[in-house]
$ cat query-v6.cif   # mmCIF, C-alpha atoms
data_protein
#
loop_
_atom_site.label_atom_id
_atom_site.label_comp_id
_atom_site.auth_asym_id
_atom_site.auth_seq_id
_atom_site.Cartn_x
_atom_site.Cartn_y
_atom_site.Cartn_z
CA MET O 262 -24.56 -7.06 13.41
CA THR O 263 -22.99 -3.62 13.75
CA THR O 264 -20.22 -3.45 16.35
CA PRO O 265 -19.18 -0.29 18.25
CA ALA O 266 -15.84 -0.27 16.39
CA HIS O 267 -17.69 -0.48 13.07
CA THR O 268 -19.91 2.42 14.07
CA ARG O 269 -16.93 4.55 15.15
CA ALA O 270 -15.19 3.83 11.84
CA HIS O 271 -18.26 4.96 9.92
CA ARG O 272 -18.54 8.15 11.97
CA LEU O 273 -14.86 8.99 11.56
CA ALA O 274 -15.01 8.34 7.82
CA ALA O 275 -18.12 10.53 7.57
CA ARG O 276 -16.33 13.39 9.36
CA VAL O 277 -13.32 13.11 7.05
CA ASP O 278 -15.61 13.05 4.03
CA ALA O 279 -17.56 16.08 5.23
CA ALA O 280 -14.33 18.03 5.86
CA THR O 281 -13.05 17.42 2.33
CA PRO O 282 -13.39 20.50 0.08
CA ALA O 283 -15.74 20.01 -2.84
CA HIS O 284 -13.01 20.95 -5.33
CA ARG O 285 -10.63 18.25 -4.05
CA ASP O 286 -9.64 15.83 -6.82
CA ARG O 287 -10.13 12.54 -5.04
CA ALA O 288 -8.84 10.47 -7.93
CA ILE O 289 -5.45 12.21 -7.86
CA ASP O 290 -5.18 11.64 -4.13
CA GLY O 291 -6.18 8.02 -4.62
CA LEU O 292 -3.49 7.48 -7.24
CA ARG O 293 -0.92 9.11 -4.99
CA ALA O 294 -1.95 6.86 -2.10
CA LEU O 295 -1.55 3.74 -4.27
CA ALA O 296 1.92 4.87 -5.35
CA LEU O 297 2.88 5.67 -1.76
CA LEU O 298 1.78 2.29 -0.40
CA ALA O 299 3.62 0.49 -3.20
CA VAL O 300 6.94 1.86 -1.91
CA PRO O 301 7.01 0.09 1.49
CA LEU O 302 5.28 -2.99 0.11
CA GLY O 303 7.89 -3.26 -2.64
CA HIS O 304 10.82 -2.77 -0.29
CA TRP O 305 9.42 -5.15 2.30
CA MET O 306 8.61 -7.93 -0.16
CA LEU O 307 11.43 -7.60 -2.69
CA GLY O 308 14.18 -6.99 -0.16
CA GLY O 309 15.45 -9.23 2.61
CA PHE O 310 18.46 -10.05 4.77
CA ARG O 311 21.10 -12.68 5.22
CA LEU O 312 22.53 -13.10 8.70
CA ASP O 313 26.09 -14.30 9.28
CA ALA O 314 28.81 -13.79 11.87
CA GLU O 315 29.47 -10.28 10.54
CA GLY O 316 25.86 -9.13 10.84
CA LEU O 317 22.94 -8.44 8.51
CA HIS O 318 23.43 -8.12 4.76
CA ASN O 319 20.99 -7.12 2.02
CA ALA O 320 19.50 -9.86 -0.13
CA SER O 321 16.63 -10.16 -2.58
CA PRO O 322 14.21 -13.00 -3.39
CA LEU O 323 14.51 -11.95 -7.04
CA ALA O 324 18.03 -13.40 -7.10
CA THR O 325 16.47 -16.87 -6.65
CA PHE O 326 12.95 -16.40 -7.96
CA GLY O 327 13.33 -14.56 -11.24
CA ALA O 328 9.71 -15.40 -12.03
CA LEU O 329 8.69 -12.87 -9.38
CA ALA O 330 9.95 -10.02 -11.58
CA PRO O 331 6.43 -9.15 -12.86
CA PHE O 332 5.46 -8.26 -9.30
CA SER O 333 8.07 -5.50 -9.49
CA TRP O 334 6.22 -4.09 -12.51
CA VAL O 335 3.17 -3.57 -10.30
CA LEU O 336 5.06 -2.38 -7.21
CA GLN O 337 7.25 0.06 -9.14
CA MET O 338 4.77 2.92 -9.17
CA LEU O 339 7.14 5.88 -8.98
CA GLY O 340 6.00 6.83 -12.47
CA ILE O 341 2.51 7.33 -11.05
CA PHE O 342 3.94 9.31 -8.15
CA PHE O 343 5.77 11.70 -10.47
CA LEU O 344 2.69 11.93 -12.73
CA VAL O 345 0.34 13.00 -9.94
CA GLY O 346 3.12 15.16 -8.51
CA GLY O 347 3.27 17.09 -11.76
CA TYR O 348 -0.52 17.35 -11.91
CA ALA O 349 -0.79 18.62 -8.33
CA SER O 350 2.17 20.98 -8.72
CA VAL O 351 0.73 22.78 -11.71
CA LEU O 352 -2.56 23.36 -9.88
CA SER O 353 -0.71 24.62 -6.82
CA TYR O 354 1.52 26.77 -9.03
CA HIS O 355 -1.49 28.50 -10.56
CA ARG O 356 -2.93 29.16 -7.10
CA ARG O 357 0.31 30.57 -5.66
CA PRO O 358 -0.49 33.62 -3.50
CA SER O 359 2.73 35.49 -4.19
CA THR O 360 5.90 35.02 -6.24
CA THR O 361 7.10 31.87 -7.96
CA ALA O 362 10.22 31.90 -5.78
CA ALA O 363 8.11 31.94 -2.59
CA TRP O 364 5.91 29.13 -3.91
CA LEU O 365 8.92 27.02 -4.80
CA ARG O 366 10.67 27.70 -1.49
CA GLY O 367 7.60 26.56 0.43
CA ARG O 368 7.32 23.30 -1.47
CA LEU O 369 11.01 22.50 -1.16
CA VAL O 370 11.05 23.16 2.58
CA ARG O 371 8.10 20.78 3.00
CA LEU O 372 10.14 18.08 1.25
CA GLY O 373 13.34 18.79 3.13
CA ARG O 374 12.12 18.81 6.74
CA PRO O 375 11.25 15.08 7.01
CA VAL O 376 14.47 14.03 5.24
CA LEU O 377 16.55 16.13 7.61
CA GLY O 378 14.68 14.59 10.53
CA VAL O 379 15.18 10.94 9.61
CA ALA O 380 18.84 11.49 8.73
CA ALA O 381 19.53 13.30 12.02
CA VAL O 382 17.79 10.62 14.08
CA TRP O 383 19.71 7.88 12.32
CA ALA O 384 23.01 9.67 12.96
CA VAL O 385 22.26 9.42 16.68
CA LEU O 386 21.04 5.84 16.30
CA LEU O 387 24.24 4.77 14.53
CA ALA O 388 26.34 6.11 17.38
CA ALA O 389 24.11 4.48 20.03
CA LEU O 390 23.90 1.12 18.25
CA SER O 391 27.65 1.05 17.67
CA TRP O 392 28.22 1.73 21.37
CA LEU O 393 25.85 -1.15 22.18
CA GLY O 394 27.95 -3.51 20.07
CA VAL O 395 25.84 -3.82 16.93
CA PRO O 396 28.12 -5.17 14.15
CA GLY O 397 29.44 -2.68 11.62
CA ASP O 398 27.97 -4.66 8.71
CA THR O 399 24.52 -4.40 10.26
CA LEU O 400 24.93 -0.65 10.69
CA ARG O 401 26.08 -0.31 7.10
CA THR O 402 23.15 -2.37 5.84
CA GLY O 403 20.68 -0.37 7.90
CA SER O 404 21.99 3.01 6.80
CA THR O 405 21.95 1.89 3.16
CA LEU O 406 18.32 0.85 3.42
CA VAL O 407 17.31 4.09 5.14
CA ILE O 408 18.98 6.32 2.58
CA GLN O 409 17.77 4.19 -0.35
CA PRO O 410 14.31 5.81 -0.68
CA LEU O 411 15.66 9.30 0.04
CA TRP O 412 17.22 9.63 -3.42
CA PHE O 413 13.64 9.96 -4.63
CA VAL O 414 13.11 13.08 -2.55
CA GLY O 415 16.24 14.66 -4.05
CA VAL O 416 15.10 13.98 -7.61
CA TYR O 417 11.56 15.09 -6.82
CA THR O 418 12.96 18.34 -5.42
CA VAL O 419 14.78 19.03 -8.69
CA VAL O 420 11.79 18.28 -10.92
CA THR O 421 9.57 20.42 -8.68
CA ALA O 422 11.99 23.31 -9.19
CA LEU O 423 11.49 22.82 -12.94
CA THR O 424 7.71 23.30 -12.72
CA PRO O 425 7.63 26.79 -14.33
CA PRO O 426 9.46 25.75 -17.54
CA CYS O 427 7.45 22.51 -17.58
CA VAL O 428 4.24 24.57 -17.55
CA ARG O 429 5.44 26.61 -20.52
CA LEU O 430 6.43 23.49 -22.47
CA ALA O 431 3.14 21.74 -21.68
CA ARG O 432 1.09 24.73 -22.81
CA ARG O 433 2.94 24.84 -26.12
CA PHE O 434 3.42 21.15 -26.94
CA GLY O 435 1.04 19.26 -24.65
CA GLY O 436 2.09 15.72 -23.75
CA TRP O 437 4.49 15.64 -26.70
CA ALA O 438 6.82 17.86 -24.64
CA ALA O 439 7.90 14.71 -22.78
CA LEU O 440 8.97 12.88 -25.94
CA PRO O 441 12.52 14.35 -26.08
CA LEU O 442 13.07 13.09 -22.53
CA LEU O 443 12.23 9.56 -23.65
CA GLY O 444 14.60 10.01 -26.59
CA SER O 445 17.38 11.20 -24.28
CA VAL O 446 17.06 8.08 -22.12
CA ALA O 447 17.03 5.89 -25.24
CA VAL O 448 20.27 7.46 -26.51
CA VAL O 449 22.04 6.99 -23.19
CA ASP O 450 20.86 3.36 -22.99
CA PHE O 451 22.14 2.71 -26.51
CA LEU O 452 25.53 4.14 -25.60
CA ARG O 453 25.90 2.19 -22.36
CA TYR O 454 24.43 -1.12 -23.58
CA GLY O 455 25.09 -1.04 -27.34
CA PRO O 456 28.18 -1.82 -29.43
CA LEU O 457 30.02 1.21 -28.04
CA ALA O 458 29.46 0.24 -24.40
CA ASP O 459 33.08 -0.74 -23.66
CA GLY O 460 34.29 2.78 -24.46
CA MET O 461 31.67 4.61 -22.40
CA PRO O 462 32.49 6.19 -19.01
CA SER O 463 30.90 4.63 -15.92
CA TRP O 464 29.13 7.89 -14.99
CA LEU O 465 27.16 7.99 -18.26
CA SER O 466 24.17 6.19 -16.75
CA LEU O 467 23.67 9.10 -14.32
CA VAL O 468 22.61 11.25 -17.27
CA ASN O 469 19.31 9.32 -17.23
CA LEU O 470 18.50 10.31 -13.67
CA LEU O 471 16.75 13.59 -14.43
CA PRO O 472 15.06 12.92 -17.82
CA GLY O 473 14.03 9.43 -16.69
CA TRP O 474 11.85 10.80 -13.87
CA LEU O 475 11.06 14.20 -15.35
CA PHE O 476 9.26 12.33 -18.15
CA ALA O 477 6.30 11.32 -15.97
CA TYR O 478 6.32 14.63 -14.09
CA LEU O 479 6.04 16.60 -17.33
CA LEU O 480 3.19 14.33 -18.44
CA GLY O 481 1.48 15.20 -15.15
CA VAL O 482 1.96 18.92 -15.78
CA ALA O 483 0.48 18.57 -19.28
CA TRP O 484 -2.42 16.57 -17.80
CA GLY O 485 -3.02 19.26 -15.19
CA GLU O 486 -3.01 21.88 -17.98
CA GLY O 487 -5.74 19.91 -19.76
CA ARG O 488 -3.46 19.12 -22.69
CA ILE O 489 -3.79 15.31 -22.54
CA GLY O 490 -7.19 13.78 -23.18
CA LYS O 491 -8.41 10.21 -23.47
CA ARG O 492 -6.89 9.76 -26.90
CA GLY O 493 -3.48 10.79 -25.58
CA ALA O 494 -3.96 8.53 -22.56
CA ARG O 495 -4.66 5.55 -24.79
CA LEU O 496 -1.57 6.35 -26.84
CA LEU O 497 0.53 6.42 -23.68
CA LEU O 498 -0.92 3.14 -22.44
CA VAL O 499 -0.55 1.23 -25.70
CA GLY O 500 2.73 2.84 -26.76
CA GLY O 501 4.31 2.33 -23.36
CA ALA O 502 3.18 -1.29 -23.19
CA VAL O 503 4.49 -2.07 -26.70
CA LEU O 504 7.85 -0.41 -25.99
CA PHE O 505 8.06 -2.28 -22.68
CA ALA O 506 7.48 -5.62 -24.42
CA VAL O 507 10.01 -4.88 -27.18
CA LEU O 508 12.69 -3.92 -24.68
CA LEU O 509 12.14 -7.12 -22.72
CA LEU O 510 11.76 -9.60 -25.57
CA VAL O 511 13.97 -8.13 -28.28
CA PHE O 512 16.62 -6.12 -26.44
CA HIS O 513 16.70 -8.38 -23.36
CA TYR O 514 16.47 -5.72 -20.67
CA PRO O 515 16.49 -7.15 -17.11
CA ALA O 516 12.93 -8.12 -16.20
CA SER O 517 13.08 -6.77 -12.65
CA MET O 518 12.26 -3.10 -12.12
CA VAL O 519 14.39 -3.05 -8.96
CA GLY O 520 18.05 -3.85 -8.49
CA VAL O 521 18.99 -7.48 -7.83
CA PRO O 522 22.21 -8.16 -5.85
CA GLY O 523 24.86 -9.69 -8.10
CA GLU O 524 23.30 -8.50 -11.36
CA VAL O 525 25.44 -6.25 -13.56
CA ARG O 526 22.53 -4.31 -15.06
CA THR O 527 19.72 -2.61 -13.21
CA ASN O 528 16.68 -0.75 -14.48
CA SER O 529 16.12 1.51 -11.54
CA HIS O 530 19.34 3.21 -10.42
CA PRO O 531 19.35 5.26 -12.56
CA PRO O 532 16.20 4.62 -14.63
CA SER O 533 16.54 2.79 -17.90
CA LEU O 534 14.28 3.10 -20.93
CA LEU O 535 12.26 0.18 -19.53
CA VAL O 536 11.32 2.31 -16.51
CA VAL O 537 10.22 5.15 -18.80
CA ALA O 538 8.14 2.74 -20.90
CA LEU O 539 6.44 1.44 -17.75
CA ALA O 540 5.82 5.01 -16.55
CA ALA O 541 4.20 5.86 -19.89
CA ALA O 542 1.88 2.83 -19.72
CA GLN O 543 1.02 3.48 -16.07
CA SER O 544 0.36 7.15 -16.77
CA GLY O 545 -2.02 6.33 -19.60
CA ALA O 546 -3.86 3.82 -17.43
CA ALA O 547 -4.10 6.32 -14.56
CA MET O 548 -5.60 8.96 -16.84
CA LEU O 549 -8.16 6.51 -18.20
CA ILE O 550 -9.37 5.31 -14.78
CA ARG O 551 -9.45 8.75 -13.21
CA GLU O 552 -13.19 9.38 -13.47
CA ARG O 553 -14.14 5.90 -12.28
CA LEU O 554 -11.69 6.10 -9.38
CA GLY O 555 -13.03 9.52 -8.41
CA ARG O 556 -16.58 8.15 -8.23
CA LEU O 557 -15.41 5.18 -6.16
CA LEU O 558 -13.69 7.44 -3.64
CA ARG O 559 -16.94 9.29 -3.01
CA ARG O 560 -17.59 6.49 -0.53
CA PRO O 561 -16.45 7.75 2.90
CA LEU O 562 -15.03 4.40 4.07
CA LEU O 563 -12.77 4.26 1.01
CA TRP O 564 -11.89 7.94 1.05
CA ALA O 565 -10.81 8.22 4.70
CA PRO O 566 -7.78 5.86 4.35
CA VAL O 567 -6.68 7.77 1.25
CA VAL O 568 -6.65 10.99 3.27
CA VAL O 569 -4.61 9.37 6.05
CA VAL O 570 -2.04 8.00 3.62
CA ASN O 571 -1.68 11.34 1.82
CA LEU O 572 -1.24 13.22 5.09
CA SER O 573 1.49 10.73 6.05
CA ALA O 574 3.25 10.71 2.68
CA MET O 575 6.71 11.84 3.75
CA THR O 576 6.56 9.84 6.96
CA ILE O 577 5.87 6.67 4.99
CA LEU O 578 8.65 7.38 2.50
CA CYS O 579 11.25 8.29 5.10
CA TRP O 580 10.55 5.77 7.85
CA HIS O 581 9.25 2.52 6.33
CA GLN O 582 12.72 0.97 6.12
CA THR O 583 13.32 1.90 9.75
CA ALA O 584 10.19 -0.05 10.67
CA MET O 585 11.56 -3.21 9.02
CA LEU O 586 14.95 -2.71 10.65
CA ALA O 587 13.27 -2.25 14.04
CA ALA O 588 12.14 -5.85 13.76
CA ALA O 589 15.22 -7.36 12.11
CA VAL O 590 18.13 -5.77 13.99
CA PRO O 591 17.13 -6.85 17.55
CA VAL O 592 16.53 -10.42 16.31
CA SER O 593 19.90 -10.46 14.52
CA LEU O 594 21.71 -9.54 17.74
CA THR O 595 20.52 -12.79 19.29
CA GLY O 596 22.10 -14.76 16.44
CA THR O 597 18.74 -16.37 15.76
CA THR O 598 17.59 -17.04 12.22
CA VAL O 599 13.89 -16.24 11.97
CA ALA O 600 12.02 -17.20 8.81
CA GLY O 601 11.11 -14.22 6.67
CA LEU O 602 13.22 -11.88 8.76
CA THR O 603 16.86 -12.96 9.13
CA THR O 604 16.92 -16.02 6.88
CA GLY O 605 17.99 -15.74 3.27
CA PRO O 606 15.13 -14.97 0.83
CA ASP O 607 15.70 -18.07 -1.28
CA THR O 608 12.78 -20.37 -0.45
CA VAL O 609 9.04 -20.34 -0.90
CA GLY O 610 8.83 -20.55 2.88
CA TRP O 611 10.60 -17.18 3.13
CA ILE O 612 7.98 -15.57 0.89
CA LEU O 613 5.13 -16.92 2.99
CA ALA O 614 6.86 -15.92 6.22
CA ARG O 615 7.59 -12.42 4.91
CA LEU O 616 3.89 -12.01 4.10
CA ALA O 617 3.18 -12.83 7.74
CA TRP O 618 5.68 -10.16 8.83
CA LEU O 619 3.98 -7.38 6.86
CA PRO O 620 1.42 -6.56 9.60
CA VAL O 621 4.29 -6.33 12.11
CA PHE O 622 6.22 -3.91 9.89
CA THR O 623 3.04 -1.90 9.37
CA GLY O 624 2.39 -1.71 13.09
CA LEU O 625 5.94 -0.58 13.77
CA LEU O 626 5.63 2.08 11.06
CA VAL O 627 2.41 3.38 12.62
CA LEU O 628 4.13 3.51 16.02
CA ILE O 629 7.16 5.32 14.61
CA ALA O 630 4.91 7.72 12.71
CA ARG O 631 3.30 8.93 15.94
CA TYR O 632 6.62 10.55 16.84
CA ALA O 633 8.22 11.07 13.42
CA ARG O 634 5.38 13.20 12.02
CA ARG O 635 6.63 16.11 14.11
CA PHE O 636 9.40 16.45 11.50
CA ASP O 637 6.72 17.31 8.94
CA ALA O 638 5.58 20.32 10.98
CA PRO O 639 6.73 23.85 10.01
CA TRP O 640 9.91 25.07 11.63
CA GLN O 641 9.74 27.79 14.23
CA ALA O 642 11.31 30.93 12.86
CA GLY O 643 13.25 33.74 14.45
CA THR O 644 14.33 32.16 17.75
CA ARG O 645 17.96 31.42 18.52
CA ALA O 646 17.08 28.02 19.96
CA ALA O 647 15.19 27.00 16.80
CA ASN O 648 18.10 28.04 14.61
CA ALA O 649 20.50 26.08 16.83
CA ARG O 650 18.32 22.95 16.60
CA ARG O 651 18.24 23.21 12.81
CA ALA O 652 22.01 23.62 12.66
CA VAL O 653 22.59 20.56 14.87
CA ALA O 654 20.10 18.52 12.83
CA GLY O 655 21.86 19.57 9.63
CA LEU O 656 25.27 18.51 10.96
CA LEU O 657 23.90 15.16 12.15
CA ALA O 658 22.17 14.57 8.82
CA ALA O 659 25.36 15.37 6.92
CA GLY O 660 27.30 12.90 9.08
CA PHE O 661 24.73 10.19 8.44
CA ALA O 662 24.83 10.83 4.68
CA VAL O 663 28.62 10.54 4.64
CA PHE O 664 28.44 7.16 6.42
CA ALA O 665 25.47 5.81 4.43
CA LEU O 666 27.01 6.72 1.08
CA GLY O 667 30.21 4.91 2.00
CA LEU O 668 32.31 8.06 2.11
CA ALA O 669 33.61 7.27 5.59
#

$ encode --input "query-v6.cif" --output "structure tokens"
Amino acid sequence: MTTPAHTRAHRLAARVDAATPAHRDRAIDGLRALALLAVPLGHWMLGGFRLDAEGLHNASPLATFGALAPFSWVLQMLGIFFLVGGYASVLSYHRRPSTTAAWLRGRLVRLGRPVLGVAAVWAVLLAALSWLGVPGDTLRTGSTLVIQPLWFVGVYTVVTALTPPCVRLARRFGGWAALPLLGSVAVVDFLRYGPLADGMPSWLSLVNLLPGWLFAYLLGVAWGEGRIGKRGARLLLVGGAVLFAVLLLVFHYPASMVGVPGEVRTNSHPPSLLVVALAAAQSGAAMLIRERLGRLLRRPLLWAPVVVVNLSAMTILCWHQTAMLAAAVPVSLTGTTVAGLTTGPDTVGWILARLAWLPVFTGLLVLIARYARRFDAPWQAGTRAANARRAVAGLLAAGFAVFALGLA
């Protein structure tokens, strides 16, 4: 039996499908949507809290359940995000209506507006919550979680700025242009984890930050230039998977793709060679399933959610941690321990309870997005009031960054 809600959903999906340009690459949008949804799901399931007299503190179920590490391999899809980012950027770059500088400025402003918005709002929230008596540890935990996904936007901004040289490299060398980046990460990992590790400076790991993520982006540029075919995709899939296995089984890299509290080594901040190996395997798999995924997304009911997720990309990235905190912080103020929310993530019961909380977090994110999406809109130009608002937002965002990064 067809219900009115079912009929409305079909009609809405049909309108979205009809409004989609024929040249739109649905598979790329589908891959981006998967990578986007993996970010909140990963943070919500692989991160938790402990509540004590001082407030909320970060905790992770991976500290107790090491066997859950393979789930982080699936949920760590930033390699896919950078891959499709590179692919989409090169197409946009070739369609640029004016100069390269104007094209780049437009893309960077689109990335910066939502980040400025969430940081400014949280600066005000920190002041208000402190005045209301929220413990300092809770405020510190909240600000850390909010700023945690924003590092990605900073790195993505840098790699986007490198699109023109990436295009030139991809045209000349194809996918092989990314190989030196993999080699660079391997050298840094050898220096910081090998026999010379004790003599290496602590900042050395930061050298991996750019090549570790530029690797997948450059593969995406080469893919967009038509320089990686199915043979190259298979090589990426098999080669990445083999390297991943060798690093785990022979060189004993940490199994988790995300940081675990208390662990000395981490794969993700900044990326280790294991992250690059996973990105290579994921990239190869994405290239191989592209045609099949594109055909699947010709179905309006499957395509419409992909469109919604892509239109809300920056809102999801910037505000999903706020949605979780919107549930956890009020409960923590009562001193109540609620399973899956303010209890330590060290039991099977916590995992089951956290699964039950996911629809609540999702609902809160949808509610927040109704208001937060205004930060994605273009800035008004030329008016004194608009310039003043941007200046105030910038000052608030800078203050929040100073607090969240532990500089004050």

$ resolve_selection --input "query-v6.cif" --expression "the PyMOL selection byres ((chain O and resi 454) around 12)" --output "PyMOL selection string"
chain O and resi 446-453+455-463+465-466+512-515+525-528+533-534

$ closest_atom_pairs --input "query-v6.cif" --of "segment 278-397 of chain O" --to "segment 623-626 of chain O" --cutoff "12 Å" --atoms "all atoms listed in the file" --output "CSV"
residue,atom,partner,partner_atom,distance
O:Leu298,CA,O:Thr623,CA,10.7
O:Pro301,CA,O:Thr623,CA,9.0
O:Leu302,CA,O:Thr623,CA,9.6
O:Trp305,CA,O:Thr623,CA,10.1

$ axis_aligned_box --input "query-v6.cif" --around "segment 394-406 of chain O" --padding-each-side "8 Å" --output "JSON"
{"center_x": 23.9, "center_y": -1.1, "center_z": 11.6, "size_x": 27.1, "size_y": 24.2, "size_z": 32.9}

$ resolve_selection --input "query-v6.cif" --expression "the PyMOL selection byres ((chain O and resi 604-621) around 12)" --output "MDAnalysis selection string"
chainID O and resid 301:313 316:327 329 522 581 584:589 592:593 596:603 622:628

$ atom_distance --input "query-v6.cif" --atom1 "atom CA of Val428 of chain O" --atom2 "atom CA of Thr361 of chain O"
12.4 Å

$ resolve_selection --input "query-v6.cif" --expression "the PyMOL selection byres ((chain O and resi 572) around 12)" --output "ChimeraX atom specification"
/O:290,293-294,297,565-571,573-578,630,634,637-638

$ closest_residue --input "query-v6.cif" --among "O:Phe664, O:Leu292, O:Glu315, O:Pro472" --to "Gly394 of chain O" --atoms "all atoms listed in the file"
O:Glu315

$ residues_around --input "query-v6.cif" --residues "Ala542 of chain O" --least-positions-apart "4" --cutoff "12 Å" --atoms "only C-alpha atoms" --output "PyMOL selection string"
chain O and resi 334-335+338+340-341+344+477+480+493-506+535-538+546-549

$ residues_around --input "query-v6.cif" --residues "Ala438 of chain O" --least-positions-apart "4" --cutoff "9 Å" --atoms "only C-alpha atoms" --output "PyMOL selection string"
chain O and resi 427+430-431+433-434+442+476+479-480+483

$ build_atoms --input "query-v6.cif" --residues "segment 544-560 of chain O" --atoms "N, CA and C atoms" --output "short mmCIF file (atom, residue, chain, number, x, y, z; two decimals), keeping the file's coordinate frame"
data_model
loop_
_atom_site.label_atom_id
_atom_site.label_comp_id
_atom_site.auth_asym_id
_atom_site.auth_seq_id
_atom_site.Cartn_x
_atom_site.Cartn_y
_atom_site.Cartn_z
N SER O 544 0.97 5.82 -16.69
CA SER O 544 0.36 7.15 -16.77
C SER O 544 -0.90 7.11 -17.62
N GLY O 545 -0.83 6.44 -18.76
CA GLY O 545 -2.02 6.33 -19.60
C GLY O 545 -3.16 5.63 -18.89
N ALA O 546 -2.83 4.54 -18.17
CA ALA O 546 -3.86 3.82 -17.43
C ALA O 546 -4.47 4.69 -16.34
N ALA O 547 -3.61 5.45 -15.63
CA ALA O 547 -4.10 6.32 -14.56
C ALA O 547 -5.06 7.37 -15.10
N MET O 548 -4.73 7.95 -16.25
CA MET O 548 -5.60 8.96 -16.84
C MET O 548 -6.95 8.38 -17.25
N LEU O 549 -6.93 7.13 -17.73
CA LEU O 549 -8.16 6.51 -18.20
C LEU O 549 -9.10 6.10 -17.06
N ILE O 550 -8.53 5.76 -15.90
CA ILE O 550 -9.37 5.31 -14.78
C ILE O 550 -9.73 6.46 -13.84
N ARG O 551 -9.27 7.64 -14.13
CA ARG O 551 -9.45 8.75 -13.21
C ARG O 551 -10.91 8.99 -12.82
N GLU O 552 -11.79 9.07 -13.78
CA GLU O 552 -13.19 9.38 -13.47
C GLU O 552 -13.83 8.27 -12.65
N ARG O 553 -13.56 7.03 -13.03
CA ARG O 553 -14.14 5.90 -12.28
C ARG O 553 -13.59 5.86 -10.86
N LEU O 554 -12.28 6.10 -10.71
CA LEU O 554 -11.69 6.10 -9.38
C LEU O 554 -12.26 7.23 -8.53
N GLY O 555 -12.45 8.39 -9.14
CA GLY O 555 -13.03 9.52 -8.41
C GLY O 555 -14.41 9.20 -7.88
N ARG O 556 -15.24 8.54 -8.69
CA ARG O 556 -16.58 8.15 -8.23
C ARG O 556 -16.50 7.14 -7.09
N LEU O 557 -15.56 6.20 -7.20
CA LEU O 557 -15.41 5.18 -6.16
C LEU O 557 -15.02 5.80 -4.82
N LEU O 558 -14.17 6.82 -4.88
CA LEU O 558 -13.69 7.44 -3.64
C LEU O 558 -14.68 8.44 -3.07
N ARG O 559 -15.87 8.53 -3.64
CA ARG O 559 -16.94 9.29 -3.01
C ARG O 559 -17.50 8.54 -1.80
N ARG O 560 -17.14 7.28 -1.68
CA ARG O 560 -17.59 6.49 -0.53
C ARG O 560 -16.69 6.83 0.67
#
